[in-house]
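One file, input-v3.pdb, carrying PDB, C-alpha atoms, pLDDT in the B column:
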```pdb
ATOM      1  CA  MET A 173    -113.590-153.891  -9.934  1.00 48.00           C
ATOM      2  CA  SER A 174    -114.116-155.586  -6.655  1.00 50.00           C
ATOM      3  CA  GLU A 175    -111.389-156.301  -4.174  1.00 55.00           C
ATOM      4  CA  ASP A 176    -111.645-160.061  -4.732  1.00 54.00           C
ATOM      5  CA  GLN A 177    -110.550-159.677  -8.353  1.00 54.00           C
ATOM      6  CA  ASN A 178    -107.494-157.608  -7.390  1.00 56.00           C
ATOM      7  CA  LYS A 179    -106.179-160.179  -4.931  1.00 65.00           C
ATOM      8  CA  ASN A 180    -103.743-162.761  -6.152  1.00 63.00           C
ATOM      9  CA  PRO A 181    -104.408-166.342  -5.170  1.00 62.00           C
ATOM     10  CA  PRO A 182    -102.363-167.364  -2.147  1.00 72.00           C
ATOM     11  CA  VAL A 183     -99.155-169.203  -2.863  1.00 72.00           C
ATOM     12  CA  ASP A 184     -99.186-172.761  -1.586  1.00 78.00           C
ATOM     13  CA  VAL A 185     -96.081-173.731   0.334  1.00 81.00           C
ATOM     14  CA  ASP A 186     -95.299-177.419   0.169  1.00 78.00           C
ATOM     15  CA  THR A 187     -93.537-178.028   3.479  1.00 83.00           C
ATOM     16  CA  ALA A 188     -93.880-181.770   2.914  1.00 86.00           C
ATOM     17  CA  PHE A 189     -91.360-181.452   0.066  1.00 85.00           C
ATOM     18  CA  LEU A 190     -88.640-180.363   2.479  1.00 85.00           C
ATOM     19  CA  LYS A 191     -89.366-183.383   4.685  1.00 89.00           C
ATOM     20  CA  SER A 192     -89.378-185.852   1.793  1.00 89.00           C
ATOM     21  CA  LYS A 193     -86.361-187.829   0.588  1.00 91.00           C
ATOM     22  CA  ARG A 194     -85.936-185.545  -2.421  1.00 89.00           C
ATOM     23  CA  GLY A 195     -86.211-182.457  -0.245  1.00 90.00           C
ATOM     24  CA  LEU A 196     -83.638-183.738   2.215  1.00 93.00           C
ATOM     25  CA  LEU A 197     -81.341-184.673  -0.658  1.00 93.00           C
ATOM     26  CA  LYS A 198     -81.675-181.175  -2.150  1.00 93.00           C
ATOM     27  CA  ALA A 199     -81.006-179.660   1.287  1.00 94.00           C
ATOM     28  CA  ALA A 200     -77.867-181.802   1.635  1.00 95.00           C
ATOM     29  CA  GLU A 201     -76.748-180.640  -1.818  1.00 95.00           C
ATOM     30  CA  LEU A 202     -77.257-177.022  -0.796  1.00 95.00           C
ATOM     31  CA  VAL A 203     -75.277-177.500   2.415  1.00 96.00           C
ATOM     32  CA  THR A 204     -72.336-179.217   0.698  1.00 96.00           C
ATOM     33  CA  LEU A 205     -72.287-176.613  -2.063  1.00 95.00           C
ATOM     34  CA  LEU A 206     -72.291-173.829   0.525  1.00 96.00           C
ATOM     35  CA  VAL A 207     -69.426-175.449   2.458  1.00 96.00           C
ATOM     36  CA  ALA A 208     -67.450-175.948  -0.769  1.00 94.00           C
ATOM     37  CA  PHE A 209     -68.085-172.303  -1.670  1.00 94.00           C
ATOM     38  CA  VAL A 210     -66.808-171.099   1.713  1.00 95.00           C
ATOM     39  CA  CYS A 211     -63.689-173.275   1.394  1.00 93.00           C
ATOM     40  CA  PHE A 212     -62.945-172.093  -2.138  1.00 92.00           C
ATOM     41  CA  ALA A 213     -63.621-168.469  -1.183  1.00 93.00           C
ATOM     42  CA  ALA A 214     -61.268-168.749   1.807  1.00 93.00           C
ATOM     43  CA  ALA A 215     -58.603-170.151  -0.506  1.00 90.00           C
ATOM     44  CA  SER A 216     -59.184-167.310  -3.025  1.00 89.00           C
ATOM     45  CA  THR A 217     -59.804-169.555  -6.018  1.00 85.00           C
ATOM     46  CA  PRO A 218     -62.328-167.629  -8.153  1.00 88.00           C
ATOM     47  CA  LYS A 219     -62.847-170.281 -10.843  1.00 87.00           C
ATOM     48  CA  TYR A 220     -63.943-172.878  -8.293  1.00 90.00           C
ATOM     49  CA  THR A 221     -65.937-170.303  -6.321  1.00 92.00           C
ATOM     50  CA  THR A 222     -67.897-169.187  -9.385  1.00 92.00           C
ATOM     51  CA  ALA A 223     -68.884-172.711 -10.389  1.00 92.00           C
ATOM     52  CA  THR A 224     -69.952-173.551  -6.856  1.00 93.00           C
ATOM     53  CA  VAL A 225     -72.078-170.405  -6.466  1.00 94.00           C
ATOM     54  CA  LEU A 226     -73.741-170.977  -9.832  1.00 94.00           C
ATOM     55  CA  GLU A 227     -74.768-174.543  -8.975  1.00 93.00           C
ATOM     56  CA  PHE A 228     -75.887-173.432  -5.499  1.00 95.00           C
ATOM     57  CA  LEU A 229     -78.196-170.832  -7.046  1.00 96.00           C
ATOM     58  CA  ILE A 230     -79.600-173.280  -9.621  1.00 94.00           C
ATOM     59  CA  THR A 231     -80.302-175.863  -6.914  1.00 93.00           C
ATOM     60  CA  LEU A 232     -81.848-173.211  -4.665  1.00 94.00           C
ATOM     61  CA  LEU A 233     -84.130-172.069  -7.491  1.00 94.00           C
ATOM     62  CA  LEU A 234     -85.229-175.658  -8.128  1.00 92.00           C
ATOM     63  CA  VAL A 235     -85.970-176.146  -4.419  1.00 92.00           C
ATOM     64  CA  LEU A 236     -88.027-172.943  -4.372  1.00 91.00           C
ATOM     65  CA  LEU A 237     -89.790-174.035  -7.564  1.00 90.00           C
ATOM     66  CA  TYR A 238     -90.875-177.310  -5.960  1.00 89.00           C
ATOM     67  CA  MET A 239     -91.547-175.821  -2.538  1.00 90.00           C
ATOM     68  CA  PHE A 240     -93.886-173.089  -3.828  1.00 89.00           C
ATOM     69  CA  LYS A 241     -95.393-175.465  -6.424  1.00 86.00           C
ATOM     70  CA  PHE A 242     -94.439-173.228  -9.342  1.00 85.00           C
ATOM     71  CA  ASN A 243     -93.747-176.379 -11.358  1.00 81.00           C
ATOM     72  CA  LYS A 244     -97.524-176.884 -11.500  1.00 83.00           C
ATOM     73  CA  ARG A 245     -98.112-173.341 -12.775  1.00 83.00           C
ATOM     74  CA  LEU A 246     -95.222-173.167 -15.246  1.00 84.00           C
ATOM     75  CA  THR A 247     -96.070-176.136 -17.412  1.00 83.00           C
ATOM     76  CA  PHE A 248     -94.093-175.220 -20.522  1.00 85.00           C
ATOM     77  CA  PHE A 249     -91.121-177.207 -19.145  1.00 83.00           C
ATOM     78  CA  PHE A 250     -91.064-180.764 -17.919  1.00 84.00           C
ATOM     79  CA  TRP A 251     -89.388-179.802 -14.644  1.00 84.00           C
ATOM     80  CA  PRO A 252     -88.260-183.247 -13.468  1.00 85.00           C
ATOM     81  CA  LEU A 253     -86.334-183.676 -16.726  1.00 87.00           C
ATOM     82  CA  VAL A 254     -84.755-180.217 -16.315  1.00 89.00           C
ATOM     83  CA  ASP A 255     -83.764-181.262 -12.804  1.00 90.00           C
ATOM     84  CA  VAL A 256     -82.264-184.539 -14.080  1.00 91.00           C
ATOM     85  CA  PHE A 257     -80.203-182.747 -16.735  1.00 92.00           C
ATOM     86  CA  ASN A 258     -78.982-180.241 -14.162  1.00 92.00           C
ATOM     87  CA  SER A 259     -78.023-183.006 -11.726  1.00 93.00           C
ATOM     88  CA  VAL A 260     -76.206-185.096 -14.348  1.00 94.00           C
ATOM     89  CA  PHE A 261     -74.234-182.208 -15.838  1.00 95.00           C
ATOM     90  CA  ALA A 262     -73.434-180.778 -12.417  1.00 94.00           C
ATOM     91  CA  ALA A 263     -72.278-184.183 -11.132  1.00 95.00           C
ATOM     92  CA  VAL A 264     -69.891-184.598 -14.061  1.00 95.00           C
ATOM     93  CA  TYR A 265     -68.678-181.013 -13.796  1.00 94.00           C
ATOM     94  CA  PHE A 266     -68.155-181.166 -10.032  1.00 94.00           C
ATOM     95  CA  THR A 267     -66.335-184.481 -10.290  1.00 95.00           C
ATOM     96  CA  ILE A 268     -63.850-182.938 -12.713  1.00 95.00           C
ATOM     97  CA  LEU A 269     -63.673-179.679 -10.737  1.00 93.00           C
ATOM     98  CA  SER A 270     -63.052-181.430  -7.428  1.00 93.00           C
ATOM     99  CA  LEU A 271     -60.380-183.710  -8.890  1.00 93.00           C
ATOM    100  CA  MET A 272     -58.626-180.664 -10.366  1.00 93.00           C
ATOM    101  CA  ALA A 273     -58.892-178.807  -7.063  1.00 90.00           C
ATOM    102  CA  MET A 274     -57.482-181.734  -5.097  1.00 91.00           C
ATOM    103  CA  ALA A 275     -54.666-182.351  -7.587  1.00 92.00           C
ATOM    104  CA  THR A 276     -53.484-178.749  -7.862  1.00 88.00           C
ATOM    105  CA  TYR A 277     -54.125-177.372  -4.390  1.00 84.00           C
ATOM    106  CA  THR A 278     -51.691-174.916  -2.837  1.00 87.00           C
ATOM    107  CA  VAL A 279     -53.911-173.870   0.055  1.00 88.00           C
ATOM    108  CA  THR A 280     -55.691-176.241   2.428  1.00 90.00           C
ATOM    109  CA  GLY A 281     -59.023-174.550   1.684  1.00 89.00           C
ATOM    110  CA  THR A 282     -58.804-175.692  -1.917  1.00 91.00           C
ATOM    111  CA  LEU A 283     -58.194-179.291  -0.840  1.00 93.00           C
ATOM    112  CA  VAL A 284     -61.098-179.278   1.623  1.00 93.00           C
ATOM    113  CA  GLY A 285     -63.318-177.555  -0.938  1.00 93.00           C
ATOM    114  CA  GLY A 286     -62.398-180.223  -3.492  1.00 93.00           C
ATOM    115  CA  ILE A 287     -63.290-183.009  -1.071  1.00 95.00           C
ATOM    116  CA  VAL A 288     -66.637-181.401  -0.196  1.00 95.00           C
ATOM    117  CA  ALA A 289     -67.330-180.762  -3.906  1.00 94.00           C
ATOM    118  CA  LEU A 290     -66.693-184.467  -4.552  1.00 95.00           C
ATOM    119  CA  ILE A 291     -69.243-185.311  -1.850  1.00 96.00           C
ATOM    120  CA  SER A 292     -71.629-182.881  -3.545  1.00 96.00           C
ATOM    121  CA  ALA A 293     -71.014-184.641  -6.874  1.00 95.00           C
ATOM    122  CA  GLY A 294     -71.968-187.924  -5.213  1.00 96.00           C
ATOM    123  CA  LEU A 295     -75.183-186.373  -3.892  1.00 95.00           C
ATOM    124  CA  LEU A 296     -75.941-185.014  -7.365  1.00 94.00           C
ATOM    125  CA  CYS A 297     -75.466-188.519  -8.817  1.00 95.00           C
ATOM    126  CA  VAL A 298     -77.913-189.953  -6.283  1.00 94.00           C
ATOM    127  CA  ASP A 299     -80.350-187.130  -7.054  1.00 93.00           C
ATOM    128  CA  SER A 300     -80.186-187.726 -10.801  1.00 92.00           C
ATOM    129  CA  TYR A 301     -80.660-191.484 -10.327  1.00 91.00           C
ATOM    130  CA  THR A 302     -83.703-191.110  -8.068  1.00 91.00           C
ATOM    131  CA  LEU A 303     -85.269-188.486 -10.341  1.00 88.00           C
ATOM    132  CA  PHE A 304     -84.680-190.479 -13.514  1.00 86.00           C
ATOM    133  CA  LYS A 305     -86.100-193.582 -11.860  1.00 85.00           C
ATOM    134  CA  ASN A 306     -89.359-191.737 -11.115  1.00 81.00           C
ATOM    135  CA  ILE A 307     -89.835-190.055 -14.496  1.00 80.00           C
ATOM    136  CA  THR A 308     -92.470-191.649 -16.718  1.00 67.00           C
ATOM    137  CA  PHE A 309     -92.252-190.931 -20.427  1.00 63.00           C
ATOM    138  CA  ASN A 310     -94.775-193.198 -22.134  1.00 60.00           C
ATOM    139  CA  ASN A 311     -96.226-194.903 -19.095  1.00 63.00           C
ATOM    140  CA  PRO A 312     -99.381-193.561 -17.503  1.00 61.00           C
ATOM    141  CA  ARG A 313     -98.622-191.491 -14.451  1.00 55.00           C
ATOM    142  CA  ARG A 314     -99.242-193.142 -11.121  1.00 58.00           C
ATOM    143  CA  GLU A 315    -101.733-191.519  -8.856  1.00 54.00           C
ATOM    144  CA  THR A 316    -100.129-190.101  -5.756  1.00 53.00           C
ATOM    145  CA  PRO A 317    -101.638-190.858  -2.365  1.00 53.00           C
ATOM    146  CA  ASN A 318    -102.547-187.162  -1.872  1.00 53.00           C
ATOM    147  CA  GLN A 319    -104.852-187.074  -4.885  1.00 47.00           C
ATOM    148  CA  SER A 320    -108.439-188.196  -4.647  1.00 45.00           C
ATOM    149  CA  ASN A 321    -110.301-190.236  -7.252  1.00 45.00           C
ATOM    150  CA  GLU A 322    -112.661-187.529  -8.455  1.00 43.00           C
TER     151      GLU A 322
END
```
The structure given in the file should be rewritten as structure tokens.
Amino acid sequence: MSEDQNKNPPVDVDTAFLKSKRGLLKAAELVTLLVAFVCFAAASTPKYTTATVLEFLITLLLVLLYMFKFNKRLTFFFWPLVDVFNSVFAAVYFTILSLMAMATYTVTGTLVGGIVALISAGLLCVDSYTLFKNITFNNPRRETPNQSNE
């Protein structure tokens, strides 16, 4: 076997995704989830901390999926729809979680974490709306400006 066959194809990194509106929105989600996690961890509230870390990891994996263009290689899922479902369920869950945290707080960290989690829920709502608006089910897909007419 030659050396060319042993090499894996280079992984494309889509830095334009991080500069796009969706990328900035995902980055804002990650920042608010991290701040909410730190607040809940400082207040020693494990149930809120666990939910926040789980959503942070899911969002981080989706960002990495889009940034390294794995969504084009792993075609057995319709990734934008997976992202919409995640955003909708997380927005509902974080709305309830933040309202519970703000209503039953005993430590200031829980209150601040609840407020930041509510901001994160708002960002997740915006994310789900913008993603759902761009998904085409039966319509032909629009050609993006980066693609050529070959």
Fill in the blank from the handout: With distances taken over all atoms listed in the file, the candidate from A:Asn306, A:Ser192, A:Thr247, A:Ser270 nearest Ser292 (chain A) is A:Ser270
Care to translate the PyMOL selection byres ((chain A and resi 236) around 12) into actual residues of this file, as a PDB file with C-alpha atoms, keeping the file's coordinate frame?
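After the write, out_17.pdb holds the following:
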```
ATOM      1  CA  VAL A 183     -99.155-169.203  -2.863  1.00 72.00           C
ATOM      2  CA  ASP A 184     -99.186-172.761  -1.586  1.00 78.00           C
ATOM      3  CA  VAL A 185     -96.081-173.731   0.334  1.00 81.00           C
ATOM      4  CA  ASP A 186     -95.299-177.419   0.169  1.00 78.00           C
ATOM      5  CA  THR A 187     -93.537-178.028   3.479  1.00 83.00           C
ATOM      6  CA  PHE A 189     -91.360-181.452   0.066  1.00 85.00           C
ATOM      7  CA  LEU A 190     -88.640-180.363   2.479  1.00 85.00           C
ATOM      8  CA  GLY A 195     -86.211-182.457  -0.245  1.00 90.00           C
ATOM      9  CA  LYS A 198     -81.675-181.175  -2.150  1.00 93.00           C
ATOM     10  CA  ALA A 199     -81.006-179.660   1.287  1.00 94.00           C
ATOM     11  CA  LEU A 229     -78.196-170.832  -7.046  1.00 96.00           C
ATOM     12  CA  ILE A 230     -79.600-173.280  -9.621  1.00 94.00           C
ATOM     13  CA  THR A 231     -80.302-175.863  -6.914  1.00 93.00           C
ATOM     14  CA  LEU A 232     -81.848-173.211  -4.665  1.00 94.00           C
ATOM     15  CA  LEU A 233     -84.130-172.069  -7.491  1.00 94.00           C
ATOM     16  CA  LEU A 234     -85.229-175.658  -8.128  1.00 92.00           C
ATOM     17  CA  VAL A 235     -85.970-176.146  -4.419  1.00 92.00           C
ATOM     18  CA  LEU A 237     -89.790-174.035  -7.564  1.00 90.00           C
ATOM     19  CA  TYR A 238     -90.875-177.310  -5.960  1.00 89.00           C
ATOM     20  CA  MET A 239     -91.547-175.821  -2.538  1.00 90.00           C
ATOM     21  CA  PHE A 240     -93.886-173.089  -3.828  1.00 89.00           C
ATOM     22  CA  LYS A 241     -95.393-175.465  -6.424  1.00 86.00           C
ATOM     23  CA  PHE A 242     -94.439-173.228  -9.342  1.00 85.00           C
ATOM     24  CA  ASN A 243     -93.747-176.379 -11.358  1.00 81.00           C
TER      25      ASN A 243
END
```
Exercise for the section: Check the smallest atom-to-atom distance from each of A:Phe261, A:Ala223, A:Val298, A:Ile287 to Ala275 (chain A) using all atoms listed in the file, then report the winner. Expected result: A:Ile287
Exercise for the section: For the structure provided, state which residues fall under the PyMOL selection byres ((chain A and resi 280) around 12), and present them as a PyMOL selection string. Expected result: chain A and resi 211-217+273-279+281-287
Run the PyMOL selection byres ((chain A and resi 297) around 10) on the file and write out the hits as an mmCIF file with C-alpha atoms, keeping the file's coordinate frame.
```
data_model
loop_
_atom_site.group_PDB
_atom_site.id
_atom_site.type_symbol
_atom_site.label_atom_id
_atom_site.label_comp_id
_atom_site.auth_asym_id
_atom_site.auth_seq_id
_atom_site.Cartn_x
_atom_site.Cartn_y
_atom_site.Cartn_z
ATOM 1 C CA VAL A 256 -82.264 -184.539 -14.080
ATOM 2 C CA SER A 259 -78.023 -183.006 -11.726
ATOM 3 C CA VAL A 260 -76.206 -185.096 -14.348
ATOM 4 C CA PHE A 261 -74.234 -182.208 -15.838
ATOM 5 C CA ALA A 262 -73.434 -180.778 -12.417
ATOM 6 C CA ALA A 263 -72.278 -184.183 -11.132
ATOM 7 C CA VAL A 264 -69.891 -184.598 -14.061
ATOM 8 C CA ILE A 291 -69.243 -185.311 -1.850
ATOM 9 C CA SER A 292 -71.629 -182.881 -3.545
ATOM 10 C CA ALA A 293 -71.014 -184.641 -6.874
ATOM 11 C CA GLY A 294 -71.968 -187.924 -5.213
ATOM 12 C CA LEU A 295 -75.183 -186.373 -3.892
ATOM 13 C CA LEU A 296 -75.941 -185.014 -7.365
ATOM 14 C CA VAL A 298 -77.913 -189.953 -6.283
ATOM 15 C CA ASP A 299 -80.350 -187.130 -7.054
ATOM 16 C CA SER A 300 -80.186 -187.726 -10.801
ATOM 17 C CA TYR A 301 -80.660 -191.484 -10.327
ATOM 18 C CA THR A 302 -83.703 -191.110 -8.068
ATOM 19 C CA LEU A 303 -85.269 -188.486 -10.341
#
```
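We find CA of Tyr220 (chain A) and CA of Leu269 (chain A) to be spaced 7.2 Å apart.
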Problem - Near-Val225 (chain A) list (8 Å; only C-alpha atoms; drop same-chain fewer than 2 positions) as JSON, numbers by chain - result: {"A": [205, 206, 209, 221, 222, 223, 227, 228, 229]}
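Our summary of the geometry notes that CA of Leu226 (chain A) is positioned 21.5 Å from CA of Phe250 (chain A).
Coordinates place CA of Phe257 (chain A) at a distance of 15.5 Å from CA of Glu201 (chain A).
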Practice task
Using all atoms listed in the file, pick whichever of A:Lys193, A:Leu246, A:Ala208, A:Phe304 has the shortest atom-to-atom distance to Leu290 (chain A).
Solution key: A:Ala208
My structure is short of atoms at region 293-304 of chain A; please model all heavy atoms there, returning them as an mmCIF file, in the frame of the given file.
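rebuild.cif written:
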```cif
data_model
loop_
_atom_site.group_PDB
_atom_site.id
_atom_site.type_symbol
_atom_site.label_atom_id
_atom_site.label_comp_id
_atom_site.auth_asym_id
_atom_site.auth_seq_id
_atom_site.Cartn_x
_atom_site.Cartn_y
_atom_site.Cartn_z
ATOM 1 N N ALA A 293 -70.847 -183.926 -5.603
ATOM 2 C CA ALA A 293 -71.014 -184.641 -6.874
ATOM 3 C C ALA A 293 -71.676 -185.995 -6.641
ATOM 4 O O ALA A 293 -72.522 -186.428 -7.427
ATOM 5 C CB ALA A 293 -69.665 -184.814 -7.564
ATOM 6 N N GLY A 294 -71.318 -186.660 -5.553
ATOM 7 C CA GLY A 294 -71.968 -187.924 -5.213
ATOM 8 C C GLY A 294 -73.447 -187.732 -4.910
ATOM 9 O O GLY A 294 -74.295 -188.517 -5.351
ATOM 10 N N LEU A 295 -73.782 -186.670 -4.176
ATOM 11 C CA LEU A 295 -75.183 -186.373 -3.892
ATOM 12 C C LEU A 295 -75.949 -186.036 -5.168
ATOM 13 O O LEU A 295 -77.107 -186.422 -5.333
ATOM 14 C CB LEU A 295 -75.285 -185.214 -2.900
ATOM 15 C CG LEU A 295 -74.883 -185.514 -1.463
ATOM 16 C CD1 LEU A 295 -74.828 -184.232 -0.643
ATOM 17 C CD2 LEU A 295 -75.823 -186.514 -0.834
ATOM 18 N N LEU A 296 -75.305 -185.338 -6.084
ATOM 19 C CA LEU A 296 -75.941 -185.014 -7.365
ATOM 20 C C LEU A 296 -76.173 -186.278 -8.191
ATOM 21 O O LEU A 296 -77.187 -186.382 -8.893
ATOM 22 C CB LEU A 296 -75.092 -184.002 -8.143
ATOM 23 C CG LEU A 296 -75.125 -182.576 -7.602
ATOM 24 C CD1 LEU A 296 -73.956 -181.770 -8.157
ATOM 25 C CD2 LEU A 296 -76.438 -181.910 -7.943
ATOM 26 N N CYS A 297 -75.258 -187.236 -8.119
ATOM 27 C CA CYS A 297 -75.466 -188.519 -8.817
ATOM 28 C C CYS A 297 -76.663 -189.258 -8.245
ATOM 29 O O CYS A 297 -77.495 -189.796 -8.994
ATOM 30 C CB CYS A 297 -74.218 -189.398 -8.702
ATOM 31 S SG CYS A 297 -72.854 -188.881 -9.725
ATOM 32 N N VAL A 298 -76.768 -189.292 -6.929
ATOM 33 C CA VAL A 298 -77.913 -189.953 -6.283
ATOM 34 C C VAL A 298 -79.204 -189.234 -6.665
ATOM 35 O O VAL A 298 -80.222 -189.884 -6.961
ATOM 36 C CB VAL A 298 -77.722 -189.991 -4.748
ATOM 37 C CG1 VAL A 298 -78.985 -190.451 -4.044
ATOM 38 C CG2 VAL A 298 -76.558 -190.881 -4.382
ATOM 39 N N ASP A 299 -79.168 -187.914 -6.687
ATOM 40 C CA ASP A 299 -80.350 -187.130 -7.054
ATOM 41 C C ASP A 299 -80.775 -187.421 -8.486
ATOM 42 O O ASP A 299 -81.956 -187.628 -8.763
ATOM 43 C CB ASP A 299 -80.049 -185.643 -6.877
ATOM 44 C CG ASP A 299 -81.271 -184.773 -7.062
ATOM 45 O OD1 ASP A 299 -82.396 -185.255 -6.849
ATOM 46 O OD2 ASP A 299 -81.101 -183.586 -7.397
ATOM 47 N N SER A 300 -79.826 -187.460 -9.408
ATOM 48 C CA SER A 300 -80.186 -187.726 -10.801
ATOM 49 C C SER A 300 -80.724 -189.144 -10.970
ATOM 50 O O SER A 300 -81.661 -189.369 -11.738
ATOM 51 C CB SER A 300 -78.987 -187.481 -11.722
ATOM 52 O OG SER A 300 -77.943 -188.369 -11.408
ATOM 53 N N TYR A 301 -80.169 -190.106 -10.241
ATOM 54 C CA TYR A 301 -80.660 -191.484 -10.327
ATOM 55 C C TYR A 301 -82.095 -191.591 -9.806
ATOM 56 O O TYR A 301 -82.949 -192.200 -10.449
ATOM 57 C CB TYR A 301 -79.736 -192.427 -9.562
ATOM 58 C CG TYR A 301 -80.280 -193.826 -9.461
ATOM 59 C CD1 TYR A 301 -80.266 -194.673 -10.562
ATOM 60 C CD2 TYR A 301 -80.836 -194.300 -8.277
ATOM 61 C CE1 TYR A 301 -80.782 -195.955 -10.484
ATOM 62 C CE2 TYR A 301 -81.350 -195.578 -8.192
ATOM 63 C CZ TYR A 301 -81.320 -196.398 -9.299
ATOM 64 O OH TYR A 301 -81.844 -197.665 -9.217
ATOM 65 N N THR A 302 -82.355 -191.003 -8.641
ATOM 66 C CA THR A 302 -83.703 -191.110 -8.068
ATOM 67 C C THR A 302 -84.723 -190.356 -8.911
ATOM 68 O O THR A 302 -85.862 -190.811 -9.054
ATOM 69 C CB THR A 302 -83.737 -190.587 -6.623
ATOM 70 O OG1 THR A 302 -83.280 -189.236 -6.600
ATOM 71 C CG2 THR A 302 -82.916 -191.451 -5.707
ATOM 72 N N LEU A 303 -84.337 -189.221 -9.481
ATOM 73 C CA LEU A 303 -85.269 -188.486 -10.341
ATOM 74 C C LEU A 303 -85.548 -189.250 -11.624
ATOM 75 O O LEU A 303 -86.700 -189.357 -12.054
ATOM 76 C CB LEU A 303 -84.704 -187.108 -10.675
ATOM 77 C CG LEU A 303 -84.909 -186.024 -9.645
ATOM 78 C CD1 LEU A 303 -84.075 -184.809 -9.988
ATOM 79 C CD2 LEU A 303 -86.359 -185.648 -9.555
ATOM 80 N N PHE A 304 -84.505 -189.777 -12.253
ATOM 81 C CA PHE A 304 -84.680 -190.479 -13.514
ATOM 82 C C PHE A 304 -85.499 -191.750 -13.327
ATOM 83 O O PHE A 304 -86.261 -192.143 -14.204
ATOM 84 C CB PHE A 304 -83.329 -190.799 -14.149
ATOM 85 C CG PHE A 304 -83.449 -191.285 -15.559
ATOM 86 C CD1 PHE A 304 -83.746 -190.410 -16.581
ATOM 87 C CD2 PHE A 304 -83.289 -192.630 -15.848
ATOM 88 C CE1 PHE A 304 -83.868 -190.859 -17.879
ATOM 89 C CE2 PHE A 304 -83.408 -193.085 -17.151
ATOM 90 C CZ PHE A 304 -83.694 -192.195 -18.169
#
```
